[in-house]
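Structure data follow from target24.txt (compact mmCIF, N, CA and C atoms):
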```txt
# COMPACT_ATOMS: atom_id res chain seq x y z
N MET A 42 4.91 8.88 -6.91
CA MET A 42 5.08 9.69 -5.72
C MET A 42 6.58 9.80 -5.48
N SER A 43 7.10 11.00 -5.50
CA SER A 43 8.53 11.18 -5.31
C SER A 43 8.80 11.94 -4.02
N GLY A 44 10.05 11.87 -3.56
CA GLY A 44 10.44 12.52 -2.33
C GLY A 44 10.41 11.55 -1.17
N LYS A 45 10.93 11.98 -0.05
CA LYS A 45 10.98 11.16 1.16
C LYS A 45 9.56 10.88 1.67
N LEU A 46 9.24 9.61 1.82
CA LEU A 46 7.92 9.20 2.31
C LEU A 46 8.06 8.62 3.71
N SER A 47 7.15 9.00 4.59
CA SER A 47 7.11 8.47 5.95
C SER A 47 5.71 7.94 6.21
N ILE A 48 5.64 6.70 6.67
CA ILE A 48 4.37 6.05 6.96
C ILE A 48 4.31 5.81 8.46
N CYS A 49 3.33 6.41 9.11
CA CYS A 49 3.13 6.24 10.55
C CYS A 49 2.02 5.21 10.74
N TYR A 50 2.28 4.23 11.59
CA TYR A 50 1.32 3.14 11.74
C TYR A 50 1.39 2.54 13.14
N VAL A 51 0.35 1.79 13.48
CA VAL A 51 0.29 1.05 14.73
C VAL A 51 0.00 -0.40 14.38
N VAL A 52 0.89 -1.29 14.80
CA VAL A 52 0.70 -2.72 14.54
C VAL A 52 -0.44 -3.23 15.39
N GLN A 53 -1.25 -4.10 14.80
CA GLN A 53 -2.40 -4.66 15.51
C GLN A 53 -1.98 -5.26 16.85
N GLY A 54 -2.73 -4.93 17.89
CA GLY A 54 -2.44 -5.44 19.23
C GLY A 54 -1.40 -4.63 19.98
N ASN A 55 -0.99 -3.50 19.41
CA ASN A 55 0.02 -2.66 20.03
C ASN A 55 -0.54 -1.24 20.12
N THR A 56 0.09 -0.42 20.92
CA THR A 56 -0.35 0.98 21.02
C THR A 56 0.73 1.96 20.58
N ASP A 57 1.95 1.46 20.34
CA ASP A 57 3.06 2.33 19.96
C ASP A 57 2.96 2.70 18.48
N ILE A 58 3.17 3.97 18.19
CA ILE A 58 3.20 4.43 16.81
C ILE A 58 4.60 4.23 16.26
N SER A 59 4.68 3.56 15.12
CA SER A 59 5.96 3.34 14.45
C SER A 59 5.97 4.13 13.15
N THR A 60 7.16 4.40 12.66
CA THR A 60 7.31 5.14 11.41
C THR A 60 8.31 4.42 10.52
N HIS A 61 7.94 4.27 9.27
CA HIS A 61 8.85 3.74 8.25
C HIS A 61 9.09 4.85 7.24
N SER A 62 10.35 5.21 7.01
CA SER A 62 10.67 6.27 6.06
C SER A 62 11.53 5.69 4.94
N THR A 63 11.27 6.17 3.73
CA THR A 63 12.01 5.69 2.56
C THR A 63 11.98 6.73 1.46
N ASP A 64 12.94 6.65 0.57
CA ASP A 64 12.96 7.48 -0.64
C ASP A 64 12.39 6.71 -1.83
N SER A 65 12.09 5.44 -1.63
CA SER A 65 11.64 4.57 -2.71
C SER A 65 10.12 4.42 -2.71
N PRO A 66 9.45 4.89 -3.76
CA PRO A 66 8.00 4.69 -3.85
C PRO A 66 7.60 3.21 -3.85
N ALA A 67 8.42 2.38 -4.49
CA ALA A 67 8.13 0.94 -4.52
C ALA A 67 8.20 0.34 -3.12
N GLU A 68 9.20 0.73 -2.37
CA GLU A 68 9.32 0.23 -1.00
C GLU A 68 8.15 0.71 -0.14
N ALA A 69 7.77 1.97 -0.31
CA ALA A 69 6.64 2.49 0.44
C ALA A 69 5.37 1.70 0.13
N GLU A 70 5.16 1.39 -1.14
CA GLU A 70 3.97 0.62 -1.51
C GLU A 70 4.01 -0.78 -0.90
N GLU A 71 5.17 -1.41 -0.90
CA GLU A 71 5.31 -2.74 -0.29
C GLU A 71 5.00 -2.69 1.21
N VAL A 72 5.49 -1.66 1.89
CA VAL A 72 5.22 -1.51 3.32
C VAL A 72 3.73 -1.32 3.55
N ILE A 73 3.10 -0.48 2.75
CA ILE A 73 1.66 -0.24 2.89
C ILE A 73 0.88 -1.52 2.63
N MET A 74 1.28 -2.29 1.63
CA MET A 74 0.62 -3.57 1.37
C MET A 74 0.72 -4.48 2.59
N HIS A 75 1.90 -4.57 3.17
CA HIS A 75 2.11 -5.40 4.36
C HIS A 75 1.23 -4.92 5.51
N LEU A 76 1.17 -3.59 5.70
CA LEU A 76 0.36 -3.04 6.78
C LEU A 76 -1.12 -3.35 6.57
N LEU A 77 -1.59 -3.26 5.33
CA LEU A 77 -2.99 -3.59 5.03
C LEU A 77 -3.27 -5.06 5.32
N LEU A 78 -2.37 -5.93 4.87
CA LEU A 78 -2.57 -7.37 5.09
C LEU A 78 -2.55 -7.74 6.57
N SER A 79 -1.74 -7.03 7.35
CA SER A 79 -1.65 -7.34 8.78
C SER A 79 -2.70 -6.58 9.59
N GLN A 80 -3.55 -5.82 8.91
CA GLN A 80 -4.61 -5.03 9.54
C GLN A 80 -4.07 -4.05 10.57
N SER A 81 -2.89 -3.52 10.27
CA SER A 81 -2.32 -2.47 11.12
C SER A 81 -3.04 -1.16 10.83
N GLN A 82 -3.03 -0.26 11.78
CA GLN A 82 -3.65 1.05 11.60
C GLN A 82 -2.64 1.98 10.92
N ILE A 83 -2.97 2.44 9.73
CA ILE A 83 -2.11 3.40 9.04
C ILE A 83 -2.60 4.78 9.46
N ARG A 84 -1.80 5.46 10.25
CA ARG A 84 -2.21 6.74 10.82
C ARG A 84 -2.01 7.90 9.86
N SER A 85 -0.86 7.89 9.16
CA SER A 85 -0.60 8.98 8.21
C SER A 85 0.49 8.56 7.24
N ILE A 86 0.49 9.23 6.10
CA ILE A 86 1.56 9.10 5.12
C ILE A 86 2.00 10.53 4.81
N ARG A 87 3.29 10.75 4.92
CA ARG A 87 3.84 12.09 4.69
C ARG A 87 4.85 12.05 3.55
N ARG A 88 4.86 13.11 2.77
CA ARG A 88 5.87 13.29 1.72
C ARG A 88 6.65 14.55 2.06
N GLU A 89 7.95 14.39 2.24
CA GLU A 89 8.81 15.53 2.61
C GLU A 89 8.26 16.26 3.84
N GLY A 90 7.70 15.50 4.79
CA GLY A 90 7.23 16.07 6.05
C GLY A 90 5.79 16.57 6.04
N ALA A 91 5.19 16.70 4.86
CA ALA A 91 3.80 17.20 4.77
C ALA A 91 2.85 16.02 4.58
N ALA A 92 1.79 16.01 5.36
CA ALA A 92 0.79 14.93 5.24
C ALA A 92 0.15 14.96 3.87
N LEU A 93 -0.07 13.76 3.31
CA LEU A 93 -0.80 13.68 2.05
C LEU A 93 -2.22 14.19 2.25
N THR A 94 -2.80 14.73 1.21
CA THR A 94 -4.20 15.12 1.29
C THR A 94 -5.03 13.85 1.44
N CYS A 95 -6.25 14.01 1.84
CA CYS A 95 -7.14 12.85 1.99
C CYS A 95 -7.23 12.08 0.67
N ARG A 96 -7.36 12.79 -0.41
CA ARG A 96 -7.46 12.14 -1.73
C ARG A 96 -6.17 11.38 -2.08
N GLU A 97 -5.01 12.00 -1.84
CA GLU A 97 -3.73 11.33 -2.11
C GLU A 97 -3.58 10.08 -1.23
N PHE A 98 -3.93 10.22 0.04
CA PHE A 98 -3.85 9.11 0.99
C PHE A 98 -4.71 7.95 0.50
N ASP A 99 -5.95 8.26 0.12
CA ASP A 99 -6.87 7.23 -0.36
C ASP A 99 -6.36 6.56 -1.64
N GLU A 100 -5.77 7.34 -2.54
CA GLU A 100 -5.23 6.79 -3.79
C GLU A 100 -4.07 5.83 -3.52
N VAL A 101 -3.21 6.19 -2.59
CA VAL A 101 -2.08 5.33 -2.23
C VAL A 101 -2.60 4.01 -1.67
N LEU A 102 -3.58 4.09 -0.76
CA LEU A 102 -4.14 2.87 -0.17
C LEU A 102 -4.87 2.04 -1.22
N LYS A 103 -5.60 2.69 -2.12
CA LYS A 103 -6.32 1.98 -3.17
C LYS A 103 -5.36 1.23 -4.08
N LYS A 104 -4.27 1.88 -4.47
CA LYS A 104 -3.29 1.24 -5.34
C LYS A 104 -2.68 0.01 -4.66
N ALA A 105 -2.33 0.14 -3.38
CA ALA A 105 -1.76 -0.98 -2.64
C ALA A 105 -2.77 -2.11 -2.50
N ALA A 106 -4.02 -1.78 -2.22
CA ALA A 106 -5.07 -2.79 -2.08
C ALA A 106 -5.31 -3.51 -3.41
N GLU A 107 -5.29 -2.77 -4.51
CA GLU A 107 -5.47 -3.39 -5.83
C GLU A 107 -4.33 -4.35 -6.15
N ARG A 108 -3.11 -3.99 -5.75
CA ARG A 108 -1.98 -4.90 -5.97
C ARG A 108 -2.14 -6.18 -5.16
N ILE A 109 -2.66 -6.06 -3.94
CA ILE A 109 -2.90 -7.24 -3.12
C ILE A 109 -3.93 -8.14 -3.80
N VAL A 110 -5.04 -7.55 -4.23
CA VAL A 110 -6.10 -8.31 -4.89
C VAL A 110 -5.57 -8.95 -6.17
N PHE A 111 -4.79 -8.20 -6.93
CA PHE A 111 -4.20 -8.71 -8.17
C PHE A 111 -3.41 -9.99 -7.89
N GLU A 112 -2.53 -9.93 -6.89
CA GLU A 112 -1.70 -11.09 -6.56
C GLU A 112 -2.52 -12.27 -6.04
N ILE A 113 -3.55 -11.99 -5.27
CA ILE A 113 -4.40 -13.07 -4.76
C ILE A 113 -5.13 -13.76 -5.91
N LEU A 114 -5.69 -12.97 -6.82
CA LEU A 114 -6.39 -13.56 -7.97
C LEU A 114 -5.44 -14.34 -8.86
N ARG A 115 -4.26 -13.78 -9.10
CA ARG A 115 -3.28 -14.45 -9.96
C ARG A 115 -2.91 -15.81 -9.38
N GLY A 116 -2.64 -15.84 -8.09
CA GLY A 116 -2.25 -17.10 -7.46
C GLY A 116 -3.40 -18.07 -7.28
N SER A 117 -4.54 -17.57 -6.82
CA SER A 117 -5.68 -18.45 -6.52
C SER A 117 -6.31 -19.06 -7.76
N LEU A 118 -6.31 -18.31 -8.85
CA LEU A 118 -6.93 -18.79 -10.08
C LEU A 118 -5.92 -19.29 -11.10
N SER A 119 -4.65 -19.31 -10.73
CA SER A 119 -3.57 -19.75 -11.63
C SER A 119 -3.61 -19.02 -12.96
N LEU A 120 -3.72 -17.70 -12.89
CA LEU A 120 -3.77 -16.87 -14.08
C LEU A 120 -2.44 -16.16 -14.26
N ASP A 121 -2.12 -15.82 -15.51
CA ASP A 121 -0.95 -14.97 -15.68
C ASP A 121 -1.39 -13.51 -15.54
N SER A 122 -0.43 -12.63 -15.47
CA SER A 122 -0.73 -11.22 -15.23
C SER A 122 -1.66 -10.62 -16.27
N ALA A 123 -1.46 -10.97 -17.52
CA ALA A 123 -2.29 -10.43 -18.61
C ALA A 123 -3.76 -10.85 -18.43
N GLU A 124 -3.97 -12.10 -18.02
CA GLU A 124 -5.34 -12.58 -17.81
C GLU A 124 -6.02 -11.85 -16.66
N VAL A 125 -5.30 -11.62 -15.59
CA VAL A 125 -5.87 -10.89 -14.45
C VAL A 125 -6.25 -9.48 -14.88
N ARG A 126 -5.35 -8.82 -15.62
CA ARG A 126 -5.65 -7.46 -16.11
C ARG A 126 -6.89 -7.46 -16.99
N ALA A 127 -6.97 -8.40 -17.90
CA ALA A 127 -8.09 -8.45 -18.85
C ALA A 127 -9.41 -8.82 -18.18
N ARG A 128 -9.40 -9.81 -17.33
CA ARG A 128 -10.64 -10.28 -16.72
C ARG A 128 -11.16 -9.38 -15.61
N PHE A 129 -10.23 -8.77 -14.85
CA PHE A 129 -10.66 -8.03 -13.66
C PHE A 129 -10.33 -6.55 -13.72
N CYS A 130 -9.79 -6.10 -14.84
CA CYS A 130 -9.46 -4.67 -15.04
C CYS A 130 -8.57 -4.14 -13.92
N LEU A 131 -7.61 -4.94 -13.51
CA LEU A 131 -6.66 -4.53 -12.47
C LEU A 131 -5.28 -4.37 -13.08
N ALA A 132 -4.59 -3.34 -12.68
CA ALA A 132 -3.21 -3.14 -13.12
C ALA A 132 -2.27 -3.87 -12.16
N ALA A 133 -1.19 -4.32 -12.69
CA ALA A 133 -0.20 -5.02 -11.85
C ALA A 133 0.64 -4.03 -11.09
```

Is it possible to express this structure as structure tokens?
Amino acid sequence: MSGKLSICYVVQGNTDISTHSTDSPAEAEEVIMHLLLSQSQIRSIRREGAALTCREFDEVLKKAAERIVFEILRGSLSLDSAEVRARFCLAA
């Protein structure tokens, strides 16, 4: 995903909408992972000011969720990355 990304979200227990903007896809994914783990409401993700399609939005969330699961399995089962990929068909 290239271009300026803006993630609009509401932190759990709050009502204010916050926005995180970045040019870095890796940073955006890290922010989304953090928001998922903290159970914050992700209201929208925009690229260059245009909202992602429903399918694009879902794919971004799925990728971030898979990275979270990957890291949990790697740490909890003391596996290396190759083992997690092979056993659970997850990409790092």

Ref. answer, residues at most 7 Å from (0.0, 10.8, 5.0) with only N, CA and C atoms, as a PDB file with N, CA and C atoms, in the coordinates of the input:
```
ATOM      1  N   SER A  47       7.150   9.000   4.590  1.00  0.00           N
ATOM      2  CA  SER A  47       7.110   8.470   5.950  1.00  0.00           C
ATOM      3  C   SER A  47       5.710   7.940   6.210  1.00  0.00           C
ATOM      4  N   ILE A  48       5.640   6.700   6.670  1.00  0.00           N
ATOM      5  CA  ILE A  48       4.370   6.050   6.960  1.00  0.00           C
ATOM      6  C   ILE A  48       4.310   5.810   8.460  1.00  0.00           C
ATOM      7  N   CYS A  49       3.330   6.410   9.110  1.00  0.00           N
ATOM      8  CA  CYS A  49       3.130   6.240  10.550  1.00  0.00           C
ATOM      9  C   CYS A  49       2.020   5.210  10.740  1.00  0.00           C
ATOM     10  N   ARG A  84      -1.800   5.460  10.250  1.00  0.00           N
ATOM     11  CA  ARG A  84      -2.210   6.740  10.820  1.00  0.00           C
ATOM     12  C   ARG A  84      -2.010   7.900   9.860  1.00  0.00           C
ATOM     13  N   SER A  85      -0.860   7.890   9.160  1.00  0.00           N
ATOM     14  CA  SER A  85      -0.600   8.980   8.210  1.00  0.00           C
ATOM     15  C   SER A  85       0.490   8.560   7.240  1.00  0.00           C
ATOM     16  N   ILE A  86       0.490   9.230   6.100  1.00  0.00           N
ATOM     17  CA  ILE A  86       1.560   9.100   5.120  1.00  0.00           C
ATOM     18  C   ILE A  86       2.000  10.530   4.810  1.00  0.00           C
ATOM     19  N   ARG A  87       3.290  10.750   4.920  1.00  0.00           N
ATOM     20  CA  ARG A  87       3.840  12.090   4.690  1.00  0.00           C
ATOM     21  C   ARG A  87       4.850  12.050   3.550  1.00  0.00           C
ATOM     22  N   ARG A  88       4.860  13.110   2.770  1.00  0.00           N
ATOM     23  CA  ARG A  88       5.870  13.290   1.720  1.00  0.00           C
ATOM     24  C   ARG A  88       6.650  14.550   2.060  1.00  0.00           C
ATOM     25  N   ALA A  91       5.190  16.700   4.860  1.00  0.00           N
ATOM     26  CA  ALA A  91       3.800  17.200   4.770  1.00  0.00           C
ATOM     27  C   ALA A  91       2.850  16.020   4.580  1.00  0.00           C
ATOM     28  N   ALA A  92       1.790  16.010   5.360  1.00  0.00           N
ATOM     29  CA  ALA A  92       0.790  14.930   5.240  1.00  0.00           C
ATOM     30  C   ALA A  92       0.150  14.960   3.870  1.00  0.00           C
ATOM     31  N   LEU A  93      -0.070  13.760   3.310  1.00  0.00           N
ATOM     32  CA  LEU A  93      -0.800  13.680   2.050  1.00  0.00           C
ATOM     33  C   LEU A  93      -2.220  14.190   2.250  1.00  0.00           C
ATOM     34  N   THR A  94      -2.800  14.730   1.210  1.00  0.00           N
ATOM     35  CA  THR A  94      -4.200  15.120   1.290  1.00  0.00           C
ATOM     36  C   THR A  94      -5.030  13.850   1.440  1.00  0.00           C
ATOM     37  N   PHE A  98      -3.930  10.220   0.040  1.00  0.00           N
ATOM     38  CA  PHE A  98      -3.850   9.110   0.990  1.00  0.00           C
ATOM     39  C   PHE A  98      -4.710   7.950   0.500  1.00  0.00           C
TER      40      PHE A  98
END
```

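The neighbours of Leu131 in chain A here are the residues that come within 10 Å of it, using only C-alpha atoms and leaving out any residue fewer than 6 positions away in the same chain; they are A:Lys104, A:Glu107, A:Arg108, A:Val110, A:Phe111, A:Ser122, A:Ala123, A:Glu124, A:Val125.
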
Residue with the minimum atom-to-atom distance to Lys45 in chain A, picked from A:Gln80, A:Met74, A:Leu118, A:Thr63 with only N, CA and C atoms counted, is A:Thr63

Could you work out how far atom N of Val72 in chain A lies from CA of Leu46 in chain A, giving the answer in Å with one decimal?
-> 11.1 Å

Select from chain A everything DSSP, run on the backbone, classes as strand (DSSP E or B), then give the selection as an NGL selection string.
-> :A and (46-51 or 59-63 or 82-88 or 91-92)

DSSP-assigned alpha helix (DSSP H) members of chain A, reported as a PyMOL selection string = chain A and resi 66-78+95-117+122-129
